[in-house]
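Notes for the one structure printed next.
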Amino acid sequence: MNRIKKVLKKAYDIPLSKEKEAFLQRLNFPKSSYKDFFIYQISYIQKRVWILSTALIGLILMLLHFENITGDALKIIWITSSVLPFIALVAITEISRSMSHNMAEIEMSCRYNLADLMLARISILAAFNFILSNILILGIQGKTAYSPIRISLYIFVPFLLTCLASLIVLNYIKIKETTYICGGISCFISGINALIIGSNQIAYTDKFVGFWVIIFIALMVGIIVEIIDFIRKLEELHWNLQLTA
Amino acid sequence: MSLDIKDQYDKIHKYCYFKTKNCQLAEDLTQETFLKYFSQTSYIDRGKPLAYLYTIAKNLCIDTLKKPKIEALGEDTTTTDELTSIEISFVVRQAMDTLPKDLAEIVMLRVINELSMAEVCSITQLSRFVVYRKLKAALKQLKLILREEDLLE
């Protein structure tokens with residue numbers, strides 16, 4: 001059957017059109033908007049990112065459901081905040097993949113540059129993680145005496161710390177194996193977090209809430225600064241690639 | 001618009017050539033198809049762009065074939081190798097002409113233009129099962145004809 005398909009294709013292999021290029025250049029067709037470009041980027045993010053992140057959130061919710069730990073706030077925080085750094089890792093691996101492959105070919109064929117492209121992907125992943133974390137908070141709500149905001153503080157500090165540390169690695173270490181370093185960071189933060197909850201329960205009392213808020217804000221600021229730096233360095237990278245091409 | 005225009009241009013060109021059997025006329029019709037396609041953009045954003053593009057091309061070909069035919073001039077001389085290849089292509093195209101129009105169109109879209117099953121269904125407005133059945137029948141028929149002509153083992 002393949003032979004017949006080949007013969008058929010060849011029979012209709014008409015010579016390349018001479019007028020094609022000139023016609024297409026003259027053709028006034030609607031260019032895709034930034035919104036189209038942004039939505040289109042969703043399809044370029046690997047399926048495993050969506051599946052793994054959702055599976056990790058599902059795992060946390062399942063653990064919370066089957067462990068029957070209603071009321072044990074520290075155990076809830078321990079489970080969720082230890083798993084969340086791995087969700088950050090999934091997102092970071094996707095960003096580092098896009099960066100390490102440079103994706104110069106997309107930039108050549110696309111109206112938007114690599115920095116725009118990365119920003120779009122970071123925003124999509126951040127939005128997705130934001131939705132997942134809201135689902136998680138909804139799942140936890142009512143199981144502890146803590147307010148949702150306080151729970152969010154305890155849960156997201158390790159998550160944000162993983163994001164910040166990984167972004168610093170991506171910004172300052174220019175090797176292909178950054179994913180493994182980020183993986184190590186996630187495991188380290190998850191482990192340290194589990195140890196702190198086990199040994200230093202005083203950190204979760206009312207007295208230290210202000211301290212957690214400060215750390216949270218500091219991490220958020222740090223992440224924004226690192227993302228800006230990350231995007232700026234991508235522009236430099238392209239400039240260097242142009243010089244060496 | 002999510003279609004790759006350069007790629008679609010070649011495919012529509014082949015499709016028009018399949019319909020008109022005239023390379024220059026096919027090129028003109030391809031360009032006219034794209035001009036018509038982009039002349040009103042309201043449908044492109046929400047409809048089935050590929051099916052719409054092929055429908056325009058099909059209608060333009062039908063309209064053109066209704067008009068009195070103009071004989072095309074011979075283009076250039078050919079070498080012996082090219083002649084053999086042209087002969088084979090001619091026989092294959094003749095075999096395609098013996099097929100019923102609907103079967104030939106499905107072969108054109110699915111095999112020659114390499115559209116997905118879903119896209120073929122959308123253009124022909126047939127179910128996946130019918131398209132699959134017709135394609136199988138068409139290829140079987142073509143295989144028999146080409147075997148008779150010693151083009152296939």
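For the structure tokens, the naming scheme is as follows: chains receive sequential letters (A, B, ...) according to their order of presentation, residues are indexed from 1 within each chain, and ligands are indexed from 1 in presentation order.
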At a cut-off of 8 Å, list the chain A residues touching chain B, using only C-alpha atoms, as a PyMOL selection string.
-> chain A and resi 1+3-5+7-14+17+20+23-24+27-32
If you keep N, CA and C atoms, can you produce a file of those selected residues as a PDB file, in the first residue's frame?
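Contents of again-v3.pdb, as written:
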ATOM      1  N   MET A   1       0.830  -1.218   0.000  1.00  0.00           N
ATOM      2  CA  MET A   1       0.000   0.000   0.000  1.00  0.00           C
ATOM      3  C   MET A   1       0.862   1.265   0.000  1.00  0.00           C
ATOM      4  N   ARG A   3       3.699   1.659  -1.481  1.00  0.00           N
ATOM      5  CA  ARG A   3       4.227   1.883  -2.829  1.00  0.00           C
ATOM      6  C   ARG A   3       3.220   2.694  -3.653  1.00  0.00           C
ATOM      7  N   ILE A   4       1.963   2.306  -3.553  1.00  0.00           N
ATOM      8  CA  ILE A   4       0.925   3.005  -4.328  1.00  0.00           C
ATOM      9  C   ILE A   4       0.789   4.465  -3.863  1.00  0.00           C
ATOM     10  N   LYS A   5       0.952   4.659  -2.564  1.00  0.00           N
ATOM     11  CA  LYS A   5       0.865   6.025  -2.037  1.00  0.00           C
ATOM     12  C   LYS A   5       2.002   6.874  -2.579  1.00  0.00           C
ATOM     13  N   VAL A   7       3.642   6.398  -5.413  1.00  0.00           N
ATOM     14  CA  VAL A   7       3.403   6.628  -6.841  1.00  0.00           C
ATOM     15  C   VAL A   7       2.381   7.751  -7.025  1.00  0.00           C
ATOM     16  N   LEU A   8       1.343   7.712  -6.195  1.00  0.00           N
ATOM     17  CA  LEU A   8       0.297   8.741  -6.297  1.00  0.00           C
ATOM     18  C   LEU A   8       0.836  10.126  -5.981  1.00  0.00           C
ATOM     19  N   LYS A   9       1.632  10.183  -4.901  1.00  0.00           N
ATOM     20  CA  LYS A   9       2.199  11.484  -4.499  1.00  0.00           C
ATOM     21  C   LYS A   9       3.086  12.038  -5.598  1.00  0.00           C
ATOM     22  N   LYS A  10       3.874  11.148  -6.205  1.00  0.00           N
ATOM     23  CA  LYS A  10       4.810  11.575  -7.247  1.00  0.00           C
ATOM     24  C   LYS A  10       4.063  12.067  -8.490  1.00  0.00           C
ATOM     25  N   ALA A  11       2.946  11.407  -8.775  1.00  0.00           N
ATOM     26  CA  ALA A  11       2.175  11.776  -9.960  1.00  0.00           C
ATOM     27  C   ALA A  11       1.640  13.199  -9.865  1.00  0.00           C
ATOM     28  N   TYR A  12       1.407  13.642  -8.661  1.00  0.00           N
ATOM     29  CA  TYR A  12       0.874  15.006  -8.480  1.00  0.00           C
ATOM     30  C   TYR A  12       1.940  15.962  -7.937  1.00  0.00           C
ATOM     31  N   ASP A  13       3.194  15.545  -8.091  1.00  0.00           N
ATOM     32  CA  ASP A  13       4.297  16.396  -7.654  1.00  0.00           C
ATOM     33  C   ASP A  13       4.546  17.464  -8.703  1.00  0.00           C
ATOM     34  N   ILE A  14       3.782  18.512  -8.643  1.00  0.00           N
ATOM     35  CA  ILE A  14       3.918  19.540  -9.676  1.00  0.00           C
ATOM     36  C   ILE A  14       5.121  20.437  -9.367  1.00  0.00           C
ATOM     37  N   SER A  17       6.176  26.388  -7.623  1.00  0.00           N
ATOM     38  CA  SER A  17       5.642  27.591  -8.250  1.00  0.00           C
ATOM     39  C   SER A  17       6.635  28.753  -8.181  1.00  0.00           C
ATOM     40  N   LYS A  20       4.785  31.842  -6.264  1.00  0.00           N
ATOM     41  CA  LYS A  20       4.325  31.641  -4.885  1.00  0.00           C
ATOM     42  C   LYS A  20       4.873  32.695  -3.915  1.00  0.00           C
ATOM     43  N   PHE A  23       3.645  36.189  -4.533  1.00  0.00           N
ATOM     44  CA  PHE A  23       2.224  36.308  -4.190  1.00  0.00           C
ATOM     45  C   PHE A  23       2.029  36.374  -2.680  1.00  0.00           C
ATOM     46  N   LEU A  24       2.717  35.463  -1.965  1.00  0.00           N
ATOM     47  CA  LEU A  24       2.536  35.422  -0.508  1.00  0.00           C
ATOM     48  C   LEU A  24       3.057  36.691   0.166  1.00  0.00           C
ATOM     49  N   LEU A  27       0.385  39.217  -0.341  1.00  0.00           N
ATOM     50  CA  LEU A  27      -0.895  38.858   0.279  1.00  0.00           C
ATOM     51  C   LEU A  27      -1.057  39.549   1.641  1.00  0.00           C
ATOM     52  N   ASN A  28      -2.173  40.202   1.781  1.00  0.00           N
ATOM     53  CA  ASN A  28      -2.411  40.927   3.020  1.00  0.00           C
ATOM     54  C   ASN A  28      -3.291  40.058   3.934  1.00  0.00           C
ATOM     55  N   PHE A  29      -2.650  39.202   4.715  1.00  0.00           N
ATOM     56  CA  PHE A  29      -3.437  38.326   5.577  1.00  0.00           C
ATOM     57  C   PHE A  29      -3.343  38.781   7.037  1.00  0.00           C
ATOM     58  N   PRO A  30      -4.378  38.491   7.840  1.00  0.00           N
ATOM     59  CA  PRO A  30      -4.353  38.963   9.226  1.00  0.00           C
ATOM     60  C   PRO A  30      -3.260  38.261  10.032  1.00  0.00           C
ATOM     61  N   LYS A  31      -2.380  39.036  10.661  1.00  0.00           N
ATOM     62  CA  LYS A  31      -1.299  38.452  11.474  1.00  0.00           C
ATOM     63  C   LYS A  31      -1.869  38.020  12.830  1.00  0.00           C
ATOM     64  N   SER A  32      -1.260  36.998  13.423  1.00  0.00           N
ATOM     65  CA  SER A  32      -1.778  36.524  14.715  1.00  0.00           C
ATOM     66  C   SER A  32      -1.493  37.558  15.808  1.00  0.00           C
TER      67      SER A  32
END
Val209 of chain A surroundings by only C-alpha atoms, 10 Å radius, close-in-sequence under 5 positions cut, as number ranges by chain = A: 150, 153-154, 203-204, 214-215
Would you mind exporting N, CA and C atoms of the selected residues as a CSV table (one decimal), in the first residue's frame?
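Once written, again.csv looks like this:
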chain,number,residue,atom,x,y,z
A,150,ARG,N,-3.2,31.9,56.4
A,150,ARG,CA,-2.0,31.4,57.2
A,150,ARG,C,-1.5,30.0,56.6
A,153,LEU,N,0.5,30.7,53.6
A,153,LEU,CA,1.9,31.2,54.0
A,153,LEU,C,2.8,30.0,54.3
A,154,TYR,N,2.4,29.1,55.1
A,154,TYR,CA,3.2,27.9,55.5
A,154,TYR,C,3.5,27.0,54.3
A,203,ALA,N,7.8,27.5,65.4
A,203,ALA,CA,7.8,28.4,64.2
A,203,ALA,C,6.4,28.6,63.7
A,204,TYR,N,5.5,27.7,64.0
A,204,TYR,CA,4.1,27.7,63.4
A,204,TYR,C,3.1,28.3,64.4
A,214,ILE,N,7.0,38.2,56.2
A,214,ILE,CA,8.2,38.8,55.7
A,214,ILE,C,8.9,37.9,54.7
A,215,ILE,N,9.1,36.7,55.1
A,215,ILE,CA,9.8,35.7,54.3
A,215,ILE,C,9.0,35.5,52.9
One decimal, Å: what's the distance from atom CA of Ala26 of chain B over to atom CA of Lys48 of chain B, could you say?
-> 23.0 Å
Identify all residues of chain B in helix (DSSP H, G or I) (DSSP on the backbone) and supply them as an NGL selection string.
-> :B and (5-20 or 23-39 or 42-46 or 49-66 or 80-98 or 101-112 or 117-124 or 128-148)
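Rounded to one decimal, atom CA of Gln41 of chain A and atom CA of Arg121 of chain A lie 6.6 Å from each other.
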Find the spatial neighbours of Leu135 of chain B, counting only C-alpha atoms, within a cut-off of 7 Å - ignore same-chain residues fewer than 3 positions away - and output them as an mmCIF file with C-alpha atoms, in the first residue's frame.
data_model
loop_
_atom_site.group_PDB
_atom_site.id
_atom_site.type_symbol
_atom_site.label_atom_id
_atom_site.label_comp_id
_atom_site.auth_asym_id
_atom_site.auth_seq_id
_atom_site.Cartn_x
_atom_site.Cartn_y
_atom_site.Cartn_z
ATOM 1 C CA LEU B 103 -13.271 8.502 -4.230
ATOM 2 C CA ILE B 106 -10.639 11.459 -0.844
ATOM 3 C CA VAL B 107 -7.409 9.970 -2.269
ATOM 4 C CA VAL B 131 -14.026 8.109 4.459
ATOM 5 C CA TYR B 132 -11.986 5.112 5.587
ATOM 6 C CA ALA B 138 -10.211 3.667 -4.050
ATOM 7 C CA LEU B 139 -6.707 2.434 -3.278
#
